[in-house]
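J.: So I've got this file, run.cif, and it contains mmCIF, C-alpha atoms:
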```
data_structure
loop_
_atom_site.group_PDB
_atom_site.id
_atom_site.type_symbol
_atom_site.label_atom_id
_atom_site.label_comp_id
_atom_site.auth_asym_id
_atom_site.auth_seq_id
_atom_site.Cartn_x
_atom_site.Cartn_y
_atom_site.Cartn_z
ATOM 1 C CA MET B 1 0.000 0.000 0.000
ATOM 2 C CA THR B 2 1.498 3.297 -1.094
ATOM 3 C CA THR B 3 0.550 6.688 -2.522
ATOM 4 C CA ILE B 4 1.168 6.895 -6.258
ATOM 5 C CA LEU B 5 1.678 10.155 -8.139
ATOM 6 C CA ALA B 6 1.436 10.046 -11.929
ATOM 7 C CA ALA B 7 2.592 13.076 -13.933
ATOM 8 C CA ASP B 8 2.737 13.713 -17.659
ATOM 9 C CA ALA B 9 3.515 16.717 -19.861
ATOM 10 C CA VAL B 10 0.685 18.249 -21.877
ATOM 11 C CA ASP B 11 0.966 18.172 -25.699
ATOM 12 C CA TYR B 12 4.563 16.957 -25.498
ATOM 13 C CA SER B 13 4.518 15.197 -28.872
ATOM 14 C CA ARG B 14 3.063 18.228 -30.655
ATOM 15 C CA LEU B 15 5.573 20.581 -29.039
ATOM 16 C CA MET B 16 8.407 18.265 -29.997
ATOM 17 C CA GLY B 17 7.244 18.452 -33.604
ATOM 18 C CA GLU B 18 7.167 22.232 -33.511
ATOM 19 C CA ASP B 19 10.450 22.866 -31.699
ATOM 20 C CA GLU B 20 12.358 19.843 -30.483
ATOM 21 C CA VAL B 21 15.270 21.667 -28.857
ATOM 22 C CA ALA B 22 13.113 24.142 -26.954
ATOM 23 C CA THR B 23 10.744 21.390 -25.787
ATOM 24 C CA ILE B 24 13.560 19.175 -24.498
ATOM 25 C CA THR B 25 15.051 22.184 -22.705
ATOM 26 C CA ALA B 26 11.686 22.962 -21.117
ATOM 27 C CA LEU B 27 11.273 19.312 -20.093
ATOM 28 C CA ARG B 28 14.694 19.280 -18.398
ATOM 29 C CA ARG B 29 13.897 22.431 -16.453
ATOM 30 C CA SER B 30 10.534 21.037 -15.447
ATOM 31 C CA ARG B 31 12.058 17.734 -14.375
ATOM 32 C CA GLN B 32 14.552 19.542 -12.157
ATOM 33 C CA ILE B 33 11.629 21.107 -10.287
ATOM 34 C CA ILE B 34 9.660 17.844 -10.185
ATOM 35 C CA ASP B 35 12.572 15.688 -9.059
ATOM 36 C CA ALA B 36 13.570 18.181 -6.352
ATOM 37 C CA GLY B 37 10.003 18.369 -5.051
ATOM 38 C CA ILE B 38 9.630 14.599 -4.890
ATOM 39 C CA ASP B 39 12.931 14.260 -3.039
ATOM 40 C CA ARG B 40 12.002 17.073 -0.650
ATOM 41 C CA HIS B 41 8.817 15.265 0.381
ATOM 42 C CA ASP B 42 10.472 11.851 0.863
ATOM 43 C CA GLY B 43 9.140 10.439 -2.393
ATOM 44 C CA ARG B 44 10.797 8.121 -4.893
ATOM 45 C CA ILE B 45 10.611 8.157 -8.677
ATOM 46 C CA ALA B 46 9.768 4.608 -9.740
ATOM 47 C CA ASN B 47 8.924 4.665 -13.450
ATOM 48 C CA THR B 48 9.838 7.139 -16.161
ATOM 49 C CA ALA B 49 8.803 7.168 -19.811
ATOM 50 C CA GLY B 50 9.770 10.175 -21.902
ATOM 51 C CA ASP B 51 7.756 13.103 -20.545
ATOM 52 C CA GLY B 52 5.916 11.098 -17.847
ATOM 53 C CA LEU B 53 6.799 9.574 -14.513
ATOM 54 C CA ILE B 54 5.403 7.543 -11.623
ATOM 55 C CA ALA B 55 6.472 8.364 -8.062
ATOM 56 C CA GLU B 56 5.547 6.856 -4.709
ATOM 57 C CA PHE B 57 5.269 8.422 -1.259
ATOM 58 C CA PRO B 58 4.940 6.826 2.179
ATOM 59 C CA SER B 59 2.699 9.726 3.281
ATOM 60 C CA VAL B 60 -0.516 10.721 1.528
ATOM 61 C CA VAL B 61 -0.319 14.280 2.854
ATOM 62 C CA GLU B 62 3.272 14.679 1.650
ATOM 63 C CA ALA B 63 2.315 13.377 -1.805
ATOM 64 C CA VAL B 64 -0.521 15.883 -2.250
ATOM 65 C CA THR B 65 1.565 18.716 -0.825
ATOM 66 C CA CYS B 66 4.383 17.812 -3.216
ATOM 67 C CA ALA B 67 2.035 17.857 -6.221
ATOM 68 C CA ILE B 68 0.659 21.273 -5.248
ATOM 69 C CA GLU B 69 4.129 22.782 -4.765
ATOM 70 C CA ILE B 70 5.383 21.373 -8.059
ATOM 71 C CA GLN B 71 2.434 22.764 -9.999
ATOM 72 C CA ARG B 72 2.887 26.152 -8.361
ATOM 73 C CA GLU B 73 6.599 26.270 -9.220
ATOM 74 C CA LEU B 74 5.955 25.107 -12.788
ATOM 75 C CA THR B 75 3.354 27.837 -13.210
ATOM 76 C CA ASN B 76 5.824 30.475 -12.014
ATOM 77 C CA LEU B 77 8.630 29.132 -14.191
ATOM 78 C CA PRO B 78 9.882 31.896 -16.548
ATOM 79 C CA GLN B 79 9.793 31.443 -20.298
ATOM 80 C CA VAL B 80 12.528 29.434 -21.952
ATOM 81 C CA GLN B 81 15.236 31.658 -23.386
ATOM 82 C CA ASN B 82 15.407 30.134 -26.861
ATOM 83 C CA GLY B 83 11.935 31.148 -27.973
ATOM 84 C CA ALA B 84 9.477 28.650 -26.541
ATOM 85 C CA SER B 85 6.233 30.509 -25.892
ATOM 86 C CA THR B 86 5.346 28.934 -22.530
ATOM 87 C CA PRO B 87 6.884 26.395 -20.149
ATOM 88 C CA LEU B 88 5.555 22.847 -20.200
ATOM 89 C CA GLN B 89 2.355 22.153 -18.314
ATOM 90 C CA PHE B 90 1.821 18.893 -16.467
ATOM 91 C CA ARG B 91 -1.238 16.892 -15.486
ATOM 92 C CA MET B 92 -1.127 14.932 -12.221
ATOM 93 C CA GLY B 93 -3.176 12.160 -10.644
ATOM 94 C CA LEU B 94 -2.838 10.625 -7.181
ATOM 95 C CA HIS B 95 -4.180 7.390 -5.767
ATOM 96 C CA LEU B 96 -3.634 5.401 -2.576
ATOM 97 C CA GLY B 97 -3.662 1.667 -3.223
ATOM 98 C CA ASP B 98 -1.843 -1.619 -3.562
ATOM 99 C CA VAL B 99 1.057 -1.896 -5.991
ATOM 100 C CA ILE B 100 3.369 -4.614 -7.261
ATOM 101 C CA VAL B 101 7.092 -3.879 -6.946
ATOM 102 C CA ASP B 102 9.170 -5.112 -9.881
ATOM 103 C CA GLY B 103 12.755 -4.060 -9.208
ATOM 104 C CA GLN B 104 12.547 -0.275 -9.089
ATOM 105 C CA ASP B 105 9.268 -0.138 -11.029
ATOM 106 C CA LEU B 106 5.717 -0.071 -9.680
ATOM 107 C CA LEU B 107 2.938 -2.049 -11.376
ATOM 108 C CA GLY B 108 -0.674 -2.960 -10.677
ATOM 109 C CA ASP B 109 -4.178 -1.490 -10.555
ATOM 110 C CA GLY B 110 -3.114 1.275 -8.169
ATOM 111 C CA VAL B 111 -0.632 2.628 -10.697
ATOM 112 C CA ASN B 112 -3.158 2.275 -13.512
ATOM 113 C CA LEU B 113 -5.790 4.298 -11.645
ATOM 114 C CA ALA B 114 -3.315 7.076 -10.821
ATOM 115 C CA SER B 115 -2.335 7.221 -14.505
ATOM 116 C CA ARG B 116 -5.989 7.340 -15.613
ATOM 117 C CA LEU B 117 -6.688 10.197 -13.190
ATOM 118 C CA GLU B 118 -3.685 12.071 -14.538
ATOM 119 C CA ALA B 119 -4.992 11.693 -18.096
ATOM 120 C CA MET B 120 -8.372 13.148 -17.014
ATOM 121 C CA ALA B 121 -6.860 16.207 -15.307
ATOM 122 C CA ASP B 122 -6.763 19.684 -16.850
ATOM 123 C CA PRO B 123 -3.380 21.120 -17.869
ATOM 124 C CA GLY B 124 -1.690 22.181 -14.646
ATOM 125 C CA GLY B 125 -4.363 20.342 -12.632
ATOM 126 C CA ILE B 126 -4.355 17.625 -9.974
ATOM 127 C CA LEU B 127 -6.998 14.902 -9.578
ATOM 128 C CA LEU B 128 -7.379 12.688 -6.507
ATOM 129 C CA SER B 129 -9.051 9.369 -5.922
ATOM 130 C CA GLN B 130 -11.533 8.851 -3.084
ATOM 131 C CA GLN B 131 -8.870 7.134 -0.979
ATOM 132 C CA VAL B 132 -6.487 10.092 -1.200
ATOM 133 C CA TYR B 133 -9.250 12.640 -0.563
ATOM 134 C CA ASP B 134 -10.398 10.824 2.584
ATOM 135 C CA HIS B 135 -6.893 11.155 4.054
ATOM 136 C CA VAL B 136 -6.134 14.778 3.203
ATOM 137 C CA HIS B 137 -9.342 16.834 2.992
ATOM 138 C CA SER B 138 -9.302 17.625 6.718
ATOM 139 C CA LYS B 139 -5.519 18.034 7.004
ATOM 140 C CA LEU B 140 -4.697 20.519 4.247
ATOM 141 C CA SER B 141 -5.955 24.108 4.030
ATOM 142 C CA ILE B 142 -6.691 23.950 0.329
ATOM 143 C CA GLY B 143 -9.838 23.704 -1.735
ATOM 144 C CA PHE B 144 -11.239 20.509 -3.216
ATOM 145 C CA GLU B 145 -13.997 20.037 -5.739
ATOM 146 C CA PHE B 146 -15.964 16.829 -6.091
ATOM 147 C CA LEU B 147 -16.350 16.090 -9.803
ATOM 148 C CA GLY B 148 -18.712 13.154 -9.360
ATOM 149 C CA ASP B 149 -18.329 9.512 -10.320
ATOM 150 C CA LYS B 150 -16.212 9.208 -13.450
ATOM 151 C CA ARG B 151 -15.198 6.193 -15.494
ATOM 152 C CA PRO B 152 -11.495 6.432 -16.372
ATOM 153 C CA ARG B 153 -10.426 4.990 -19.680
ATOM 154 C CA ASN B 154 -10.137 1.170 -19.790
ATOM 155 C CA LEU B 155 -11.785 0.746 -16.364
ATOM 156 C CA VAL B 156 -15.085 -1.096 -15.926
ATOM 157 C CA GLU B 157 -16.447 0.846 -12.930
ATOM 158 C CA ASP B 158 -17.026 4.492 -12.062
ATOM 159 C CA VAL B 159 -14.830 6.002 -9.341
ATOM 160 C CA PRO B 160 -15.322 9.194 -7.290
ATOM 161 C CA VAL B 161 -12.937 11.909 -8.494
ATOM 162 C CA TYR B 162 -11.807 15.093 -6.713
ATOM 163 C CA ARG B 163 -9.967 18.081 -8.113
ATOM 164 C CA VAL B 164 -7.448 20.134 -6.149
ATOM 165 C CA LYS B 165 -8.408 23.771 -6.589
ATOM 166 C CA PRO B 166 -5.730 26.388 -7.285
ATOM 167 C CA VAL B 167 -3.827 27.580 -4.245
ATOM 168 C CA GLU B 168 -5.365 31.043 -4.497
ATOM 169 C CA ALA B 169 -8.873 29.594 -4.074
ATOM 170 C CA SER B 170 -10.772 30.458 -0.907
ATOM 171 C CA ARG B 171 -10.317 28.303 2.144
ATOM 172 C CA ASN B 172 -14.072 27.913 2.242
ATOM 173 C CA ASP B 173 -13.761 25.685 -0.821
ATOM 174 C CA ARG B 174 -12.781 22.865 1.494
ATOM 175 C CA TRP B 175 -16.201 23.063 3.146
ATOM 176 C CA THR B 176 -17.850 23.285 -0.254
ATOM 177 C CA ALA B 177 -16.151 20.051 -1.299
ATOM 178 C CA SER B 178 -17.169 18.389 1.962
ATOM 179 C CA LEU B 179 -20.788 19.432 1.446
ATOM 180 C CA SER B 180 -20.668 18.210 -2.156
ATOM 181 C CA HIS B 181 -19.328 14.840 -1.033
ATOM 182 C CA ALA B 182 -21.943 14.608 1.716
ATOM 183 C CA ARG B 183 -24.663 15.391 -0.828
ATOM 184 C CA HIS B 184 -23.299 12.656 -3.102
ATOM 185 C CA VAL B 185 -23.367 10.121 -0.258
ATOM 186 C CA ALA B 186 -26.883 11.212 0.730
ATOM 187 C CA GLU B 187 -28.118 10.869 -2.854
ATOM 188 C CA GLN B 188 -26.692 7.349 -3.042
ATOM 189 C CA SER B 189 -28.418 6.443 0.246
ATOM 190 C CA VAL B 190 -31.745 7.864 -0.951
ATOM 191 C CA ASN B 191 -31.466 6.018 -4.262
ATOM 192 C CA GLN B 192 -30.765 2.751 -2.442
ATOM 193 C CA SER B 193 -33.732 3.362 -0.111
ATOM 194 C CA VAL B 194 -35.992 3.950 -3.113
ATOM 195 C CA VAL B 195 -34.789 0.678 -4.652
ATOM 196 C CA ASP B 196 -35.425 -1.200 -1.390
ATOM 197 C CA LEU B 197 -38.878 0.398 -1.035
ATOM 198 C CA THR B 198 -39.746 -0.516 -4.612
ATOM 199 C CA HIS B 199 -38.731 -4.126 -4.016
ATOM 200 C CA GLY B 200 -40.822 -4.158 -0.825
ATOM 201 C CA GLN B 201 -43.847 -2.792 -2.651
ATOM 202 C CA GLU B 202 -43.424 -5.377 -5.387
ATOM 203 C CA ALA B 203 -43.261 -8.147 -2.779
ATOM 204 C CA VAL B 204 -46.446 -6.889 -1.099
ATOM 205 C CA GLN B 205 -48.204 -6.655 -4.456
ATOM 206 C CA ASP B 206 -47.095 -10.181 -5.351
ATOM 207 C CA ALA B 207 -48.387 -11.479 -2.028
ATOM 208 C CA ALA B 208 -51.693 -9.695 -2.555
ATOM 209 C CA ARG B 209 -52.012 -11.144 -6.059
ATOM 210 C CA ASN B 210 -51.260 -14.626 -4.726
ATOM 211 C CA ALA B 211 -53.821 -14.173 -1.988
ATOM 212 C CA ARG B 212 -56.422 -13.117 -4.534
ATOM 213 C CA VAL B 213 -55.594 -16.132 -6.662
ATOM 214 C CA ASN B 214 -55.840 -18.564 -3.734
ATOM 215 C CA LEU B 215 -58.934 -17.119 -2.051
ATOM 216 C CA SER B 216 -61.048 -15.836 -4.943
ATOM 217 C CA PRO B 217 -63.750 -16.308 -6.020
ATOM 218 C CA ARG B 218 -65.010 -18.886 -3.489
ATOM 219 C CA VAL B 219 -64.073 -16.860 -0.432
ATOM 220 C CA LYS B 220 -65.801 -13.779 -1.829
ATOM 221 C CA LYS B 221 -68.968 -15.746 -2.421
ATOM 222 C CA ALA B 222 -68.787 -17.267 1.063
ATOM 223 C CA ALA B 223 -68.258 -13.834 2.612
ATOM 224 C CA ILE B 224 -71.333 -12.514 0.808
ATOM 225 C CA VAL B 225 -73.443 -15.424 1.999
ATOM 226 C CA LEU B 226 -72.227 -15.060 5.589
ATOM 227 C CA GLY B 227 -72.926 -11.331 5.443
ATOM 228 C CA VAL B 228 -76.489 -11.985 4.354
ATOM 229 C CA LEU B 229 -76.923 -14.535 7.140
ATOM 230 C CA ALA B 230 -75.508 -12.110 9.697
ATOM 231 C CA VAL B 231 -78.014 -9.463 8.616
ATOM 232 C CA ILE B 232 -80.832 -11.992 8.952
ATOM 233 C CA ASP B 233 -79.531 -12.874 12.437
ATOM 234 C CA LEU B 234 -79.537 -9.244 13.476
ATOM 235 C CA LEU B 235 -83.075 -8.720 12.193
ATOM 236 C CA ASN B 236 -84.442 -11.817 13.947
ATOM 237 C CA GLY B 237 -82.637 -11.262 17.239
ATOM 238 C CA LEU B 238 -81.403 -13.940 19.611
ATOM 239 C CA PRO B 239 -80.487 -16.714 19.390
ATOM 240 C CA PHE B 240 -77.859 -16.213 16.679
ATOM 241 C CA PHE B 241 -77.099 -19.080 14.286
ATOM 242 C CA VAL B 242 -74.678 -17.476 11.802
ATOM 243 C CA GLN B 243 -71.678 -18.670 13.794
ATOM 244 C CA TRP B 244 -72.252 -22.231 12.670
ATOM 245 C CA PRO B 245 -72.025 -21.670 8.913
ATOM 246 C CA ALA B 246 -69.175 -19.191 9.536
ATOM 247 C CA LEU B 247 -67.266 -21.870 11.423
ATOM 248 C CA GLY B 248 -67.856 -24.350 8.626
ATOM 249 C CA VAL B 249 -66.682 -21.903 5.950
ATOM 250 C CA LEU B 250 -63.527 -21.001 7.869
ATOM 251 C CA LEU B 251 -62.669 -24.664 8.423
ATOM 252 C CA ALA B 252 -63.254 -25.442 4.737
ATOM 253 C CA ILE B 253 -60.979 -22.578 3.697
ATOM 254 C CA ALA B 254 -58.261 -23.642 6.135
ATOM 255 C CA TRP B 255 -58.544 -27.264 5.025
ATOM 256 C CA ALA B 256 -58.252 -26.432 1.312
ATOM 257 C CA ASN B 257 -55.601 -23.713 1.449
ATOM 258 C CA VAL B 258 -52.510 -25.491 2.752
ATOM 259 C CA PRO B 259 -49.609 -23.103 3.565
ATOM 260 C CA ASP B 260 -46.549 -23.176 1.295
ATOM 261 C CA HIS B 261 -44.225 -24.366 4.064
ATOM 262 C CA VAL B 262 -46.220 -27.608 4.425
ATOM 263 C CA GLN B 263 -44.336 -29.916 2.066
ATOM 264 C CA THR B 264 -44.353 -33.514 3.388
ATOM 265 C CA ARG B 265 -47.253 -35.852 4.097
ATOM 266 C CA ARG B 266 -46.469 -35.790 7.814
ATOM 267 C CA GLN B 267 -46.618 -31.998 7.858
ATOM 268 C CA LEU B 268 -49.916 -32.154 5.972
ATOM 269 C CA ARG B 269 -51.372 -34.583 8.540
ATOM 270 C CA TYR B 270 -50.285 -32.314 11.383
ATOM 271 C CA TYR B 271 -51.752 -29.280 9.686
ATOM 272 C CA ARG B 272 -55.132 -30.819 8.937
ATOM 273 C CA GLY B 273 -55.239 -32.416 12.367
ATOM 274 C CA GLY B 274 -54.795 -28.950 13.834
ATOM 275 C CA VAL B 275 -57.620 -27.666 11.642
ATOM 276 C CA ALA B 276 -59.863 -30.467 12.860
ATOM 277 C CA LEU B 277 -59.072 -29.731 16.513
ATOM 278 C CA ALA B 278 -59.703 -26.030 15.910
ATOM 279 C CA GLY B 279 -63.110 -26.949 14.495
ATOM 280 C CA LEU B 280 -63.922 -29.089 17.533
ATOM 281 C CA PHE B 281 -62.947 -26.320 19.907
ATOM 282 C CA GLY B 282 -65.108 -23.935 17.906
ATOM 283 C CA ILE B 283 -68.062 -26.270 18.315
ATOM 284 C CA MET B 284 -67.329 -26.434 22.054
ATOM 285 C CA LEU B 285 -67.265 -22.659 22.384
ATOM 286 C CA PHE B 286 -70.472 -22.117 20.462
ATOM 287 C CA SER B 287 -72.404 -24.977 22.108
ATOM 288 C CA LEU B 288 -71.018 -24.467 25.650
ATOM 289 C CA THR B 289 -71.841 -28.101 26.387
ATOM 290 C CA GLY B 290 -69.184 -30.196 24.708
ATOM 291 C CA LEU B 291 -66.074 -29.394 26.774
ATOM 292 C CA GLY B 292 -65.568 -32.874 28.158
ATOM 293 C CA TRP B 293 -65.832 -34.826 24.920
ATOM 294 C CA VAL B 294 -63.672 -32.348 23.018
ATOM 295 C CA ILE B 295 -60.899 -32.728 25.585
ATOM 296 C CA LEU B 296 -61.204 -36.497 25.520
ATOM 297 C CA LEU B 297 -61.069 -36.530 21.727
ATOM 298 C CA ALA B 298 -57.970 -34.329 21.726
ATOM 299 C CA LEU B 299 -56.276 -36.587 24.269
ATOM 300 C CA GLY B 300 -57.200 -39.621 22.174
ATOM 301 C CA LEU B 301 -55.687 -38.114 19.039
ATOM 302 C CA GLY B 302 -52.500 -37.225 20.954
ATOM 303 C CA ALA B 303 -52.207 -40.757 22.355
ATOM 304 C CA LEU B 304 -52.730 -42.244 18.891
ATOM 305 C CA HIS B 305 -49.950 -40.062 17.521
ATOM 306 C CA LEU B 306 -47.569 -41.152 20.287
ATOM 307 C CA LEU B 307 -48.344 -44.823 19.664
ATOM 308 C CA ARG B 308 -47.646 -44.442 15.955
ATOM 309 C CA GLN B 309 -44.344 -42.764 16.756
ATOM 310 C CA ALA B 310 -43.340 -45.562 19.123
ATOM 311 C CA LYS B 311 -44.292 -48.346 16.655
ATOM 312 C CA PRO B 312 -41.100 -50.167 15.508
ATOM 313 C CA GLN B 313 -40.192 -49.785 11.866
ATOM 314 C CA LYS B 314 -40.154 -52.869 9.614
ATOM 315 C CA ALA B 315 -36.702 -54.013 8.493
#
```
Go ahead and express the file in the form of structure tokens.

T.:
Amino acid sequence: MTTILAADAVDYSRLMGEDEVATITALRRSRQIIDAGIDRHDGRIANTAGDGLIAEFPSVVEAVTCAIEIQRELTNLPQVQNGASTPLQFRMGLHLGDVIVDGQDLLGDGVNLASRLEAMADPGGILLSQQVYDHVHSKLSIGFEFLGDKRPRNLVEDVPVYRVKPVEASRNDRWTASLSHARHVAEQSVNQSVVDLTHGQEAVQDAARNARVNLSPRVKKAAIVLGVLAVIDLLNGLPFFVQWPALGVLLAIAWANVPDHVQTRRQLRYYRGGVALAGLFGIMLFSLTGLGWVILLALGLGALHLLRQAKPQKA
């Protein structure tokens, strides 16, 4: 795990075609500033390729501070004496991640991401990954701007990207970046909540549809009939009789609509036995006279079940 800084000169190939000597001179002067800054902040140049380089730092704060100082010094660099219009500008990208060490070179996804961030930066600009921003945004008095989730070239996923604002930017920019990041996190949370709520609504709707499929139209017809009987009961007064057909309808519904978790024959016997006992207890409650025989019947069914469980299995 290390902090990787990727830097590359802007329009180097075009400038070489226009004025090779002046461009090489400008590159040497720029590299003197870059190399000195990296050494001053305890960094190490790992890879170099023409106008670009990869450096590593043990400290995230030192890496970002180094990049800012280098860009400031390059901006203030006077014009080259032999006629080049402006000094070279560099893009920079920083990422904190795992790397593979191959001799003096650094390889791996961490280096690739730093290089992709560098390629996305403006001339003279610095882009940071989420990992670097998390370490430095509260430790450096500079401005940051959250650019949103970007997909660097040749990567399959979007990554949060932050831009280091120019040194002359207001210190309040740091709070602006923090608020922007907080808003981004809040939006992601809200979006996830909406997705979860949608899934929950779909599940409820599916359950309701299944219930309508299982219970309709017989249950609706039974409910209408029971409602008519209840009205007749109310008009005639005591004694009420609607409880008896209601009990029969409920038992018939329970008997026919077996729950999904009842899978085996044994579970089905237990379930329907429970329905039968519930019906007997309903009869007891409504008649108020059959308590003894209902209890005896329940005890008999329990004893029969125990005897069947204790019966030895055939070889």

J.: For each of B:Thr25, B:Gln104, B:Thr3, B:Gln71, take the minimum atom-to-atom distance to Thr48 in chain B, counting all atoms listed in the file, then give the residue where this is smallest.

T.: B:Gln104

J.: For a test of reading the model, state the distance in Å between CA of Gly248 in chain B and CA of Val275 in chain B, rounded to one decimal.

T.: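 Separating CA of Gly248 in chain B from CA of Val275 in chain B is a distance of 11.2 Å.
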
J.: I'd like to see the residues matched by the PyMOL selection byres ((chain B and resi 276) around 12) on this file, and ideally I'd get them as a VMD selection string.

T.: chain B and resid 247 to 248 250 to 252 254 to 255 269 to 275 277 to 283 294 297 to 298 301

J.: Restricting the calculation to all atoms listed in the file, which member of B:Ala9, B:Leu235, B:Leu268, B:Leu15 is positioned closest to Ala49 in chain B?

T.: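 Smallest distance to Ala49 in chain B is found for B:Ala9.
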
J.: Between CA of Asp122 in chain B and CA of Gly43 in chain B, what distance in Å does the model show, to one decimal?

T.: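 According to the coordinates, CA of Asp122 in chain B and CA of Gly43 in chain B are separated by 23.4 Å.
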
J.: Quick one: pull the distance between CA of His137 in chain B and CA of Ile100 in chain B, Å, one decimal.

T.: 27.0 Å

J.: What does the PyMOL selection byres ((chain B and resi 8) around 9) select in this file, as a list in words?

T.: Ala6, Ala7, Ala9, Val10, Tyr12, Gly50, Asp51, Gly52, Leu53, Gln89, Phe90, Arg91, Met92, Ser115, Glu118 and Ala119 of chain B
